[in-house]
Amino acid sequence: MKVLGIETSCDETGVAVYDTRSGLLAHALYSQIALHAEYGGVVPELASRDHVRKLLPLIRQALAEAGMTVGGIDGVAYTAGPGLVGALLVGAGVARSLAWALDIPAVAVHHMEGHLLAPLLEDDPLGRPEPPFVALLVSGGHTQLIAVDAIGRYRLLGETLDDAAGEAFDKTAKLMGLPYPGGPQLAMLAGQGRAGAYKFPRPMTNRPGLDFSFSGLKTQVMLAWRDGDQSDQTRADIARAFEEAVVDTLAIKCERALEAAGCETLVVAGGVGANLRLRAKLGEMAARRGGRVSFPRPAFCTDNGAMIAFAGALRLQAGQHEDAAVRVLPRWDMATLPAV
């Protein structure tokens with residue numbers, strides 16, 4: 001089965017073709033970073049309009065790279081939520097129209113399930129991770145630990161009580177004057193920081209539980225920046241200390257989650273999953289425990305069509321699909337998904 005995947009939940013237009021026999025055939029991505037940079041964040045109306053402009057050309061590009069015509073598609077998968085309602089409607093409308101015109105099934109995909117399953121797209125020398133495992137989802141708006149009992153059977157173990165890790169990266173970068181998008185800029189700057197120049201707390205690690213909180217850490221950074229000399233070296237030192245605090249916190253909670261779930265396989269997905277310090281720290285933790293950790297390639301940590309095509313293919317193979325109505329769910333609890 002060849003599945004066309006469409007992702008338009010926020011500020012990236014992603015399209016991919018996934019073959020259940022041959023794997024990923026093609027993927028194309030357009031980022032709106034330049035469009036939103038002058039506003040310092042995503043403008044929903046501009047995001048929706050840009051998806052309208054870019055989606056059909058990207059579909060043609062992905063099909064050409066896969067050596068296919070539109071008639072070769074066996075199913076369509078599209079992000080139905082969570083996300084910006086206008087952006088979601090662009091992808092859902094195009095997907096439903098294609099499915100109706102070609103008389104093929106279409107399936108709505110949960111954006112975070114797409115992220116969760118993205119590491120399973122990769123060629124892992126130890127083989128594809130199979131449930132049960134623990135997933136750490138760390139994207140711009142989500143920080144969650146999830147027990148994956150089976151594909152489609154998810155239990156929330158812990159989540160952020162305020163800012164997600166990605167939001168904390170972006171807001172911290174902005175308060176220190178780094179350009180949009182700030183998270184990746186801060187992570188690069190952290191590489192120039194001096195170890196031990198600043199020390200920030202590891203929030204909520206001195207108490208039991210698997211929830212996160214990063215708003216207080218952000219405040220600590222703000223105070224350190226305000227009271228410092230605000231030189232380039234101070235900015236780099238603070239960036240390193242902040243990154244270390246976030247990474248250590250995530251690693252401590254991940255280890256607790258593995259113990260609570262009684263398994264030794266960790267899957268990490270979402271934009272913050274591309275962070276090199278986080279990858280190294282979680283790899284060390286998994287090796288120490290005799291377990292394993294799986295990441296998607298950095299290009300598939302951020303929003304993309306490949307993860308949607310893959311997640312959709314699993315559900316289409318299981319006989320799941322939608323009716324002809326165009327529906328989106330800007331807020332969507334992943335625990336309500338049916339099992340595959």
# chains A, B, ... in the order shown; residues from 1 in each chain; ligands from 1
$ residues_around --residues "A:Ala165" --least-positions-apart "3" --cutoff "8 Å" --atoms "only C-alpha atoms" --output "VMD selection string"
chain A and resid 138 to 143 168 to 169 214 246 272
$ write_last_selection --atoms "N, CA, C and O atoms" --output "mmCIF file, in the first residue's frame"
data_model
loop_
_atom_site.group_PDB
_atom_site.id
_atom_site.type_symbol
_atom_site.label_atom_id
_atom_site.label_comp_id
_atom_site.auth_asym_id
_atom_site.auth_seq_id
_atom_site.Cartn_x
_atom_site.Cartn_y
_atom_site.Cartn_z
ATOM 1 N N VAL A 138 8.884 15.407 23.111
ATOM 2 C CA VAL A 138 9.377 16.742 23.471
ATOM 3 C C VAL A 138 9.354 17.626 22.222
ATOM 4 O O VAL A 138 10.353 17.743 21.522
ATOM 5 N N SER A 139 8.202 18.208 21.954
ATOM 6 C CA SER A 139 8.070 19.129 20.832
ATOM 7 C C SER A 139 7.893 20.533 21.379
ATOM 8 O O SER A 139 7.971 20.772 22.579
ATOM 9 N N GLY A 140 7.620 21.488 20.480
ATOM 10 C CA GLY A 140 7.485 22.870 20.912
ATOM 11 C C GLY A 140 6.411 23.083 21.957
ATOM 12 O O GLY A 140 6.584 23.862 22.884
ATOM 13 N N GLY A 141 5.283 22.389 21.825
ATOM 14 C CA GLY A 141 4.182 22.598 22.749
ATOM 15 C C GLY A 141 3.894 21.440 23.675
ATOM 16 O O GLY A 141 2.939 21.506 24.456
ATOM 17 N N HIS A 142 4.656 20.366 23.605
ATOM 18 C CA HIS A 142 4.369 19.179 24.404
ATOM 19 C C HIS A 142 5.644 18.648 25.069
ATOM 20 O O HIS A 142 6.708 18.597 24.443
ATOM 21 N N THR A 143 5.520 18.269 26.312
ATOM 22 C CA THR A 143 6.526 17.444 26.977
ATOM 23 C C THR A 143 5.758 16.387 27.743
ATOM 24 O O THR A 143 5.078 16.696 28.727
ATOM 25 N N ALA A 168 10.192 26.455 26.644
ATOM 26 C CA ALA A 168 11.178 27.033 27.548
ATOM 27 C C ALA A 168 12.449 27.408 26.789
ATOM 28 O O ALA A 168 13.053 28.466 27.041
ATOM 29 N N PHE A 169 12.883 26.564 25.851
ATOM 30 C CA PHE A 169 14.036 26.895 25.014
ATOM 31 C C PHE A 169 13.771 28.183 24.239
ATOM 32 O O PHE A 169 14.607 29.105 24.210
ATOM 33 N N PHE A 214 8.837 23.805 33.753
ATOM 34 C CA PHE A 214 10.010 24.553 33.305
ATOM 35 C C PHE A 214 9.854 26.063 33.454
ATOM 36 O O PHE A 214 10.783 26.803 33.134
ATOM 37 N N VAL A 246 17.747 21.423 31.612
ATOM 38 C CA VAL A 246 16.619 20.786 30.918
ATOM 39 C C VAL A 246 16.944 19.335 30.588
ATOM 40 O O VAL A 246 16.137 18.426 30.818
ATOM 41 N N VAL A 272 12.722 18.832 20.208
ATOM 42 C CA VAL A 272 13.825 18.854 21.172
ATOM 43 C C VAL A 272 14.621 17.553 21.102
ATOM 44 O O VAL A 272 15.773 17.500 21.540
#
$ closest_atom_pairs --of "stretch 206-281 of chain A" --to "stretch 171-179 of chain A" --cutoff "9 Å" --atoms "only C-alpha atoms" --output "CSV"
residue,atom,partner,partner_atom,distance
A:Lys218,CA,A:Thr172,CA,6.1
A:Thr219,CA,A:Thr172,CA,8.8
A:Val221,CA,A:Thr172,CA,7.1
A:Met222,CA,A:Leu175,CA,7.0
A:Trp225,CA,A:Met176,CA,7.1
A:Gln230,CA,A:Met176,CA,8.3
A:Arg235,CA,A:Met176,CA,7.0
A:Ala239,CA,A:Ala173,CA,8.1
A:Phe242,CA,A:Thr172,CA,8.6
$ write_last_selection --atoms "N, CA and C atoms" --output "mmCIF file, in the first residue's frame"
data_model
loop_
_atom_site.group_PDB
_atom_site.id
_atom_site.type_symbol
_atom_site.label_atom_id
_atom_site.label_comp_id
_atom_site.auth_asym_id
_atom_site.auth_seq_id
_atom_site.Cartn_x
_atom_site.Cartn_y
_atom_site.Cartn_z
ATOM 1 N N LYS A 218 12.900 28.981 33.699
ATOM 2 C CA LYS A 218 12.941 30.146 32.809
ATOM 3 C C LYS A 218 13.115 31.435 33.617
ATOM 4 N N THR A 219 12.444 31.527 34.755
ATOM 5 C CA THR A 219 12.577 32.699 35.619
ATOM 6 C C THR A 219 13.998 32.817 36.171
ATOM 7 N N VAL A 221 16.711 31.831 34.754
ATOM 8 C CA VAL A 221 17.553 32.320 33.660
ATOM 9 C C VAL A 221 17.365 33.823 33.472
ATOM 10 N N MET A 222 16.127 34.258 33.532
ATOM 11 C CA MET A 222 15.838 35.685 33.371
ATOM 12 C C MET A 222 16.580 36.519 34.415
ATOM 13 N N TRP A 225 20.367 36.532 33.713
ATOM 14 C CA TRP A 225 20.680 37.391 32.564
ATOM 15 C C TRP A 225 20.556 38.867 32.939
ATOM 16 N N GLN A 230 25.653 40.699 30.609
ATOM 17 C CA GLN A 230 24.990 40.555 29.309
ATOM 18 C C GLN A 230 25.971 40.562 28.141
ATOM 19 N N ARG A 235 26.033 35.196 27.854
ATOM 20 C CA ARG A 235 24.892 34.604 27.146
ATOM 21 C C ARG A 235 25.166 33.129 26.855
ATOM 22 N N ALA A 239 23.241 29.912 28.479
ATOM 23 C CA ALA A 239 22.628 28.957 27.548
ATOM 24 C C ALA A 239 23.059 27.529 27.870
ATOM 25 N N PHE A 242 21.418 26.409 31.180
ATOM 26 C CA PHE A 242 20.000 26.153 30.964
ATOM 27 C C PHE A 242 19.793 24.817 30.242
#
$ residues_around --residues "A:Val109" --least-positions-apart "6" --cutoff "10 Å" --atoms "only C-alpha atoms" --output "number ranges by chain"
A: 5-7, 77-82, 307-313, 315, 321, 328, 337
$ write_last_selection --atoms "C-alpha atoms" --output "mmCIF file, in the first residue's frame"
data_model
loop_
_atom_site.group_PDB
_atom_site.id
_atom_site.type_symbol
_atom_site.label_atom_id
_atom_site.label_comp_id
_atom_site.auth_asym_id
_atom_site.auth_seq_id
_atom_site.Cartn_x
_atom_site.Cartn_y
_atom_site.Cartn_z
ATOM 1 C CA GLY A 5 1.014 11.756 4.058
ATOM 2 C CA ILE A 6 0.106 15.424 4.581
ATOM 3 C CA GLU A 7 1.205 17.516 7.577
ATOM 4 C CA ALA A 77 -3.167 10.232 5.651
ATOM 5 C CA TYR A 78 -3.464 13.741 7.037
ATOM 6 C CA THR A 79 -2.896 15.505 10.343
ATOM 7 C CA ALA A 80 -6.305 16.236 11.892
ATOM 8 C CA GLY A 81 -5.000 17.615 15.200
ATOM 9 C CA PRO A 82 -3.838 18.909 17.507
ATOM 10 C CA MET A 307 5.697 10.508 10.177
ATOM 11 C CA ILE A 308 2.095 11.160 9.109
ATOM 12 C CA ALA A 309 2.350 8.851 6.105
ATOM 13 C CA PHE A 310 3.822 6.087 8.284
ATOM 14 C CA ALA A 311 1.300 6.426 11.122
ATOM 15 C CA GLY A 312 -1.517 6.611 8.593
ATOM 16 C CA ALA A 313 -0.286 3.542 6.736
ATOM 17 C CA ARG A 315 -4.061 2.525 10.503
ATOM 18 C CA HIS A 321 -10.432 5.276 7.639
ATOM 19 C CA VAL A 328 -10.204 18.562 12.402
ATOM 20 C CA LEU A 337 -7.286 6.798 19.733
#
$ closest_atom_pairs --of "stretch 234-307 of chain A" --to "stretch 122-135 of chain A" --cutoff "6 Å" --atoms "only C-alpha atoms" --output "Markdown table"
| residue | atom | partner | partner_atom | distance |
| --- | --- | --- | --- | --- |
| A:Thr265 | CA | A:Phe133 | CA | 5.1 |
| A:Leu266 | CA | A:Val134 | CA | 5.0 |
| A:Val267 | CA | A:Ala135 | CA | 4.6 |
| A:Val268 | CA | A:Ala135 | CA | 5.7 |
$ closest_atom_pairs --of "stretch 113-171 of chain A" --to "stretch 299-305 of chain A" --cutoff "12 Å" --atoms "only C-alpha atoms" --output "CSV"
residue,atom,partner,partner_atom,distance
A:Glu113,CA,A:Asp303,CA,11.7
A:Gly114,CA,A:Asp303,CA,8.9
A:His115,CA,A:Cys301,CA,7.2
A:Leu116,CA,A:Cys301,CA,9.8
A:Leu117,CA,A:Phe300,CA,10.4
A:Ala118,CA,A:Phe300,CA,6.8
A:Pro119,CA,A:Phe300,CA,8.3
A:Leu120,CA,A:Phe300,CA,10.9
A:Leu121,CA,A:Phe300,CA,9.3
A:Glu122,CA,A:Phe300,CA,9.8
A:Leu136,CA,A:Cys301,CA,12.0
A:Leu137,CA,A:Cys301,CA,9.9
A:Val138,CA,A:Cys301,CA,9.2
A:Ser139,CA,A:Thr302,CA,7.6
A:Gly140,CA,A:Thr302,CA,9.0
A:Gly141,CA,A:Thr302,CA,11.8
A:Gly166,CA,A:Thr302,CA,11.1
$ residues_around --residues "A:Ala245" --least-positions-apart "2" --cutoff "9 Å" --atoms "only C-alpha atoms" --output "ChimeraX atom specification"
/A:199-203,217,240-243,247-250
$ write_last_selection --atoms "N, CA and C atoms" --output "mmCIF file, in the first residue's frame"
data_model
loop_
_atom_site.group_PDB
_atom_site.id
_atom_site.type_symbol
_atom_site.label_atom_id
_atom_site.label_comp_id
_atom_site.auth_asym_id
_atom_site.auth_seq_id
_atom_site.Cartn_x
_atom_site.Cartn_y
_atom_site.Cartn_z
ATOM 1 N N LYS A 199 24.759 27.558 37.463
ATOM 2 C CA LYS A 199 24.124 26.303 37.881
ATOM 3 C C LYS A 199 22.657 26.596 38.160
ATOM 4 N N PHE A 200 21.783 25.944 37.418
ATOM 5 C CA PHE A 200 20.346 26.115 37.597
ATOM 6 C C PHE A 200 19.727 24.837 38.154
ATOM 7 N N PRO A 201 18.602 24.950 38.855
ATOM 8 C CA PRO A 201 17.958 23.764 39.446
ATOM 9 C C PRO A 201 17.404 22.821 38.384
ATOM 10 N N ARG A 202 17.245 21.564 38.788
ATOM 11 C CA ARG A 202 16.587 20.540 37.952
ATOM 12 C C ARG A 202 15.160 20.423 38.485
ATOM 13 N N PRO A 203 14.204 21.149 37.891
ATOM 14 C CA PRO A 203 12.885 21.301 38.511
ATOM 15 C C PRO A 203 12.118 19.996 38.683
ATOM 16 N N LEU A 217 12.401 27.500 35.960
ATOM 17 C CA LEU A 217 13.753 27.505 35.389
ATOM 18 C C LEU A 217 13.922 28.702 34.469
ATOM 19 N N ARG A 240 24.359 27.361 28.160
ATOM 20 C CA ARG A 240 24.832 26.006 28.489
ATOM 21 C C ARG A 240 24.214 25.504 29.786
ATOM 22 N N ALA A 241 24.185 26.358 30.810
ATOM 23 C CA ALA A 241 23.627 25.934 32.091
ATOM 24 C C ALA A 241 22.140 25.620 31.973
ATOM 25 N N PHE A 242 21.418 26.409 31.180
ATOM 26 C CA PHE A 242 20.000 26.153 30.964
ATOM 27 C C PHE A 242 19.793 24.817 30.242
ATOM 28 N N GLU A 243 20.551 24.608 29.160
ATOM 29 C CA GLU A 243 20.410 23.368 28.401
ATOM 30 C C GLU A 243 20.725 22.158 29.275
ATOM 31 N N VAL A 247 18.120 19.101 30.042
ATOM 32 C CA VAL A 247 18.520 17.745 29.651
ATOM 33 C C VAL A 247 18.577 16.819 30.857
ATOM 34 N N ASP A 248 19.192 17.278 31.932
ATOM 35 C CA ASP A 248 19.273 16.449 33.134
ATOM 36 C C ASP A 248 17.878 16.126 33.674
ATOM 37 N N THR A 249 16.998 17.112 33.668
ATOM 38 C CA THR A 249 15.631 16.896 34.151
ATOM 39 C C THR A 249 14.913 15.852 33.308
ATOM 40 N N LEU A 250 15.022 15.972 31.998
ATOM 41 C CA LEU A 250 14.377 15.003 31.109
ATOM 42 C C LEU A 250 14.950 13.605 31.328
#
$ closest_residue --among "A:Val15, A:Ala318, A:Leu145, A:Leu88" --to "A:Glu45" --atoms "only C-alpha atoms"
A:Leu88
$ residues_around --residues "A:Val42" --least-positions-apart "6" --cutoff "8 Å" --atoms "only C-alpha atoms" --output "list in words"
Cys10, Asp11 and His36 of chain A
$ residues_around --residues "A:Asp103" --least-positions-apart "2" --cutoff "12 Å" --atoms "only C-alpha atoms" --output "ChimeraX atom specification"
/A:70-76,95-101,105-106,323-324
$ closest_residue --among "A:Gly319, A:Pro57, A:Gly196, A:Gly273" --to "A:Pro296" --atoms "only C-alpha atoms"
A:Gly273
$ atom_distance --atom1 "atom CA of A:Ala257" --atom2 "atom CA of A:Gln185"
29.5 Å
$ closest_residue --among "A:Ala64, A:Met334, A:Ala28, A:Met1" --to "A:Ile151" --atoms "only C-alpha atoms"
A:Met334
